Each structure stands twice: as structure tokens, then as C-alpha cells.
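Asks: First, the structure itself, so that you have it in front of you.
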Amino acid sequence: MNKNPLQFNRAFTLVELIVVMVIMTILAGLSAMAYRGIADDLRMSSAMNTVVSALDNARAMSIKKNRYVITVFRPRLESGGTEQVIDIVIAEWNGDSASADNGGSGTNTIWTYDRFIPIQGMAVRTIEGGVNVAGPGYGTGDDDTWWCSTFLPAHAVTSG
């Protein structure tokens, strides 16, 4: 049987297949990088929502009980000590204040502090690893230095 010379076998060449595979690999790499950025944004958004929710609950509890209420950000290690998370604890003033000598010299050597206890029934919220909370350094006189509580070595964030 003779083949008609106008009939062609339709197929891809090896070069065309390799070009398509390279393009697919590049697109997969770009997608993975975009996904990583989206995942980081979602983690930060979740942490912000958790903090805002805890602060709103603390405010509502303060109004309800007519007492001072604080929100404490307490670091804790998980996963065998390899990952740090931040617990958010809401505590109320128990009506007790005390004084202590700070050991310094001068007129302000006695500090007065209030005692706060966690509010029973208030859930402890957790900010997942990779996100931390910082605030300006108290008493440093420098608003450009912020401190964050951590189990890790001393950590100061300086803007610049």
C-alpha cells in the first residue's frame, strides 16, 4: 500500500516538548513564590485580627466589671522549643497594689505596682509562630527603639 504524500503524521518534536516543559517549570516557580507571599499576608492578617479581638474583649470586660483590665502578650515555646508563639492573656486588677524598692538612688526609689490576675473563663488566644508583638522601650526616652518579649536572645528593633 502506498502512502499518499499529502498525508502527514502529526506529532510534536523533542524541541517543542522541551520548550513547553521549560515554560511550565517557570510558571510553577512563579506560582510558588506568589503563594508564599499570600501565605505570609494571611498569617499577618490573622495575627492582627487576633490582637484586635483580644483588645476589644479586654475593653468590653473592663466596662462590664468596672475594673482595670490589661492585655498581656506572653511568649511561649512549642514544637520541642523550636518555635515561639505568643499567647494573649486578658487579666484584671485584683484590687491589690504593693510597693517595692528598686534599689536605685535618688528620690524615686520606691515603685508602686498593681497585681493583675487572668480573668476566669476568658480564652487565651495564640498568635502563631513567625509573628511577634513589639512596643516602644519604656523609660528609654527613645521612640525609635521597640522591644518585643521573647524566649530568644535579647531583641530590640530600631527604626532607621
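Here, A, B, ... name the chains of the C-alpha cells in the order displayed, residue numbers run from 1 inside each chain, and ligands are numbered from 1 in the same displayed order.
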Would you kindly return, as a list in words, each protein, DNA or RNA residue with an atom no farther than 7 Å from any atom of stretch 35-45 of chain A, considering only C-alpha atoms and excluding same-chain residues fewer than 4 positions away?

Replies: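 Here the qualifying residues turn out to be Ser31, Asn49 and Val131 of chain A.
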
Asks: Could you write out that same residue set with N, CA and C atoms as an mmCIF file, in the first residue's frame?

Replies:
data_model
loop_
_atom_site.group_PDB
_atom_site.id
_atom_site.type_symbol
_atom_site.label_atom_id
_atom_site.label_comp_id
_atom_site.auth_asym_id
_atom_site.auth_seq_id
_atom_site.Cartn_x
_atom_site.Cartn_y
_atom_site.Cartn_z
ATOM 1 N N SER A 31 4.435 30.761 40.486
ATOM 2 C CA SER A 31 3.246 30.495 41.303
ATOM 3 C C SER A 31 3.629 30.183 42.744
ATOM 4 N N ASN A 49 -6.000 40.326 63.387
ATOM 5 C CA ASN A 49 -7.379 40.104 63.815
ATOM 6 C C ASN A 49 -7.432 39.534 65.227
ATOM 7 N N VAL A 131 5.203 35.538 63.886
ATOM 8 C CA VAL A 131 4.666 36.874 64.115
ATOM 9 C C VAL A 131 4.919 37.223 65.575
#

Asks: Could you name the residues that touch A:Gly95 at 10 Å or less, counting only C-alpha atoms, but leaving out those on the same chain fewer than 5 positions away, as number ranges by chain?

Replies: A: 67-68, 114-116

Asks: Next, write the just-selected residues to a file, as a JSON list (two decimals), in the first residue's frame, keeping C-alpha atoms as the atom set.

Replies:
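As written to disk, out.json reads:
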[["chain", "number", "residue", "atom", "x", "y", "z"],
["A", 67, "ARG", "CA", -12.21, 47.40, 86.74],
["A", 68, "TYR", "CA", -8.82, 47.90, 85.19],
["A", 114, "ASP", "CA", -0.67, 46.68, 90.79],
["A", 115, "ARG", "CA", -1.40, 42.96, 90.75],
["A", 116, "PHE", "CA", -3.41, 41.53, 87.90]]

Asks: Which neighbours of A:Gly135 fall inside 8 Å, counting only C-alpha atoms, when residues of the same chain fewer than 6 positions from it are skipped, and could you give them as a PyMOL selection string?

Replies: chain A and resi 146-148

Asks: For the residues selected in the previous step, produce a file with N, CA and C atoms as a CSV table (one decimal), in the first residue's frame.

Replies:
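The new file part.csv reads:
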chain,number,residue,atom,x,y,z
A,146,TRP,N,12.2,49.7,69.8
A,146,TRP,CA,11.0,49.0,70.2
A,146,TRP,C,11.5,47.6,70.7
A,147,TRP,N,10.8,47.1,71.7
A,147,TRP,CA,11.1,45.8,72.3
A,147,TRP,C,10.0,44.8,72.1
A,148,CYS,N,10.4,43.6,72.0
A,148,CYS,CA,9.4,42.5,71.9
A,148,CYS,C,9.8,41.4,72.9

Asks: Between A:Ile110, A:Arg10, A:Glu83, A:Ile127, which one has atoms that come closest to A:Val52, using only C-alpha atoms?

Replies: A:Ile127

Asks: Can you pull out every residue from chain A that DSSP, working from the backbone, puts in helix (DSSP H, G or I), and format the result as number ranges by chain?

Replies: A: 14-65

Asks: Store the residues picked out above in a file with C-alpha atoms, as a PDB file, in the first residue's frame.

Replies:
ATOM      1  CA  LEU A  14      11.524  16.895  21.025  1.00  0.00           C
ATOM      2  CA  VAL A  15      12.487  20.583  20.960  1.00  0.00           C
ATOM      3  CA  GLU A  16       8.845  21.668  21.180  1.00  0.00           C
ATOM      4  CA  LEU A  17       8.256  19.364  24.163  1.00  0.00           C
ATOM      5  CA  ILE A  18      11.331  20.686  25.975  1.00  0.00           C
ATOM      6  CA  VAL A  19      10.279  24.310  25.360  1.00  0.00           C
ATOM      7  CA  VAL A  20       6.803  23.606  26.780  1.00  0.00           C
ATOM      8  CA  MET A  21       8.310  21.880  29.845  1.00  0.00           C
ATOM      9  CA  VAL A  22      10.649  24.849  30.491  1.00  0.00           C
ATOM     10  CA  ILE A  23       7.726  27.283  30.269  1.00  0.00           C
ATOM     11  CA  MET A  24       5.667  25.138  32.666  1.00  0.00           C
ATOM     12  CA  THR A  25       8.593  24.990  35.135  1.00  0.00           C
ATOM     13  CA  ILE A  26       8.981  28.778  35.075  1.00  0.00           C
ATOM     14  CA  LEU A  27       5.248  29.274  35.653  1.00  0.00           C
ATOM     15  CA  ALA A  28       5.267  26.773  38.544  1.00  0.00           C
ATOM     16  CA  GLY A  29       8.182  28.619  40.160  1.00  0.00           C
ATOM     17  CA  LEU A  30       6.439  31.977  39.854  1.00  0.00           C
ATOM     18  CA  SER A  31       3.246  30.495  41.303  1.00  0.00           C
ATOM     19  CA  ALA A  32       5.136  29.074  44.296  1.00  0.00           C
ATOM     20  CA  MET A  33       6.707  32.479  45.033  1.00  0.00           C
ATOM     21  CA  ALA A  34       3.318  34.195  44.775  1.00  0.00           C
ATOM     22  CA  TYR A  35       1.761  31.600  47.091  1.00  0.00           C
ATOM     23  CA  ARG A  36       4.479  32.174  49.712  1.00  0.00           C
ATOM     24  CA  GLY A  37       3.708  35.913  49.710  1.00  0.00           C
ATOM     25  CA  ILE A  38      -0.019  35.276  50.000  1.00  0.00           C
ATOM     26  CA  ALA A  39       0.530  32.836  52.892  1.00  0.00           C
ATOM     27  CA  ASP A  40       2.662  35.422  54.744  1.00  0.00           C
ATOM     28  CA  ASP A  41      -0.015  38.078  54.219  1.00  0.00           C
ATOM     29  CA  LEU A  42      -2.711  35.724  55.533  1.00  0.00           C
ATOM     30  CA  ARG A  43      -0.639  34.882  58.630  1.00  0.00           C
ATOM     31  CA  MET A  44      -0.125  38.595  59.393  1.00  0.00           C
ATOM     32  CA  SER A  45      -3.811  39.354  58.809  1.00  0.00           C
ATOM     33  CA  SER A  46      -4.831  36.522  61.131  1.00  0.00           C
ATOM     34  CA  ALA A  47      -2.447  37.786  63.834  1.00  0.00           C
ATOM     35  CA  MET A  48      -3.794  41.345  63.532  1.00  0.00           C
ATOM     36  CA  ASN A  49      -7.379  40.104  63.815  1.00  0.00           C
ATOM     37  CA  THR A  50      -6.453  38.080  66.906  1.00  0.00           C
ATOM     38  CA  VAL A  51      -4.848  41.108  68.601  1.00  0.00           C
ATOM     39  CA  VAL A  52      -7.750  43.420  67.749  1.00  0.00           C
ATOM     40  CA  SER A  53     -10.256  40.844  69.009  1.00  0.00           C
ATOM     41  CA  ALA A  54      -8.361  40.421  72.305  1.00  0.00           C
ATOM     42  CA  LEU A  55      -8.169  44.189  72.833  1.00  0.00           C
ATOM     43  CA  ASP A  56     -11.897  44.551  72.100  1.00  0.00           C
ATOM     44  CA  ASN A  57     -12.692  41.783  74.597  1.00  0.00           C
ATOM     45  CA  ALA A  58     -10.467  43.401  77.242  1.00  0.00           C
ATOM     46  CA  ARG A  59     -12.228  46.731  76.755  1.00  0.00           C
ATOM     47  CA  ALA A  60     -15.667  45.119  76.992  1.00  0.00           C
ATOM     48  CA  MET A  61     -14.641  43.223  80.134  1.00  0.00           C
ATOM     49  CA  SER A  62     -13.296  46.418  81.713  1.00  0.00           C
ATOM     50  CA  ILE A  63     -16.601  48.180  81.087  1.00  0.00           C
ATOM     51  CA  LYS A  64     -18.629  45.195  82.298  1.00  0.00           C
ATOM     52  CA  LYS A  65     -16.680  44.716  85.554  1.00  0.00           C
TER      53      LYS A  65
END
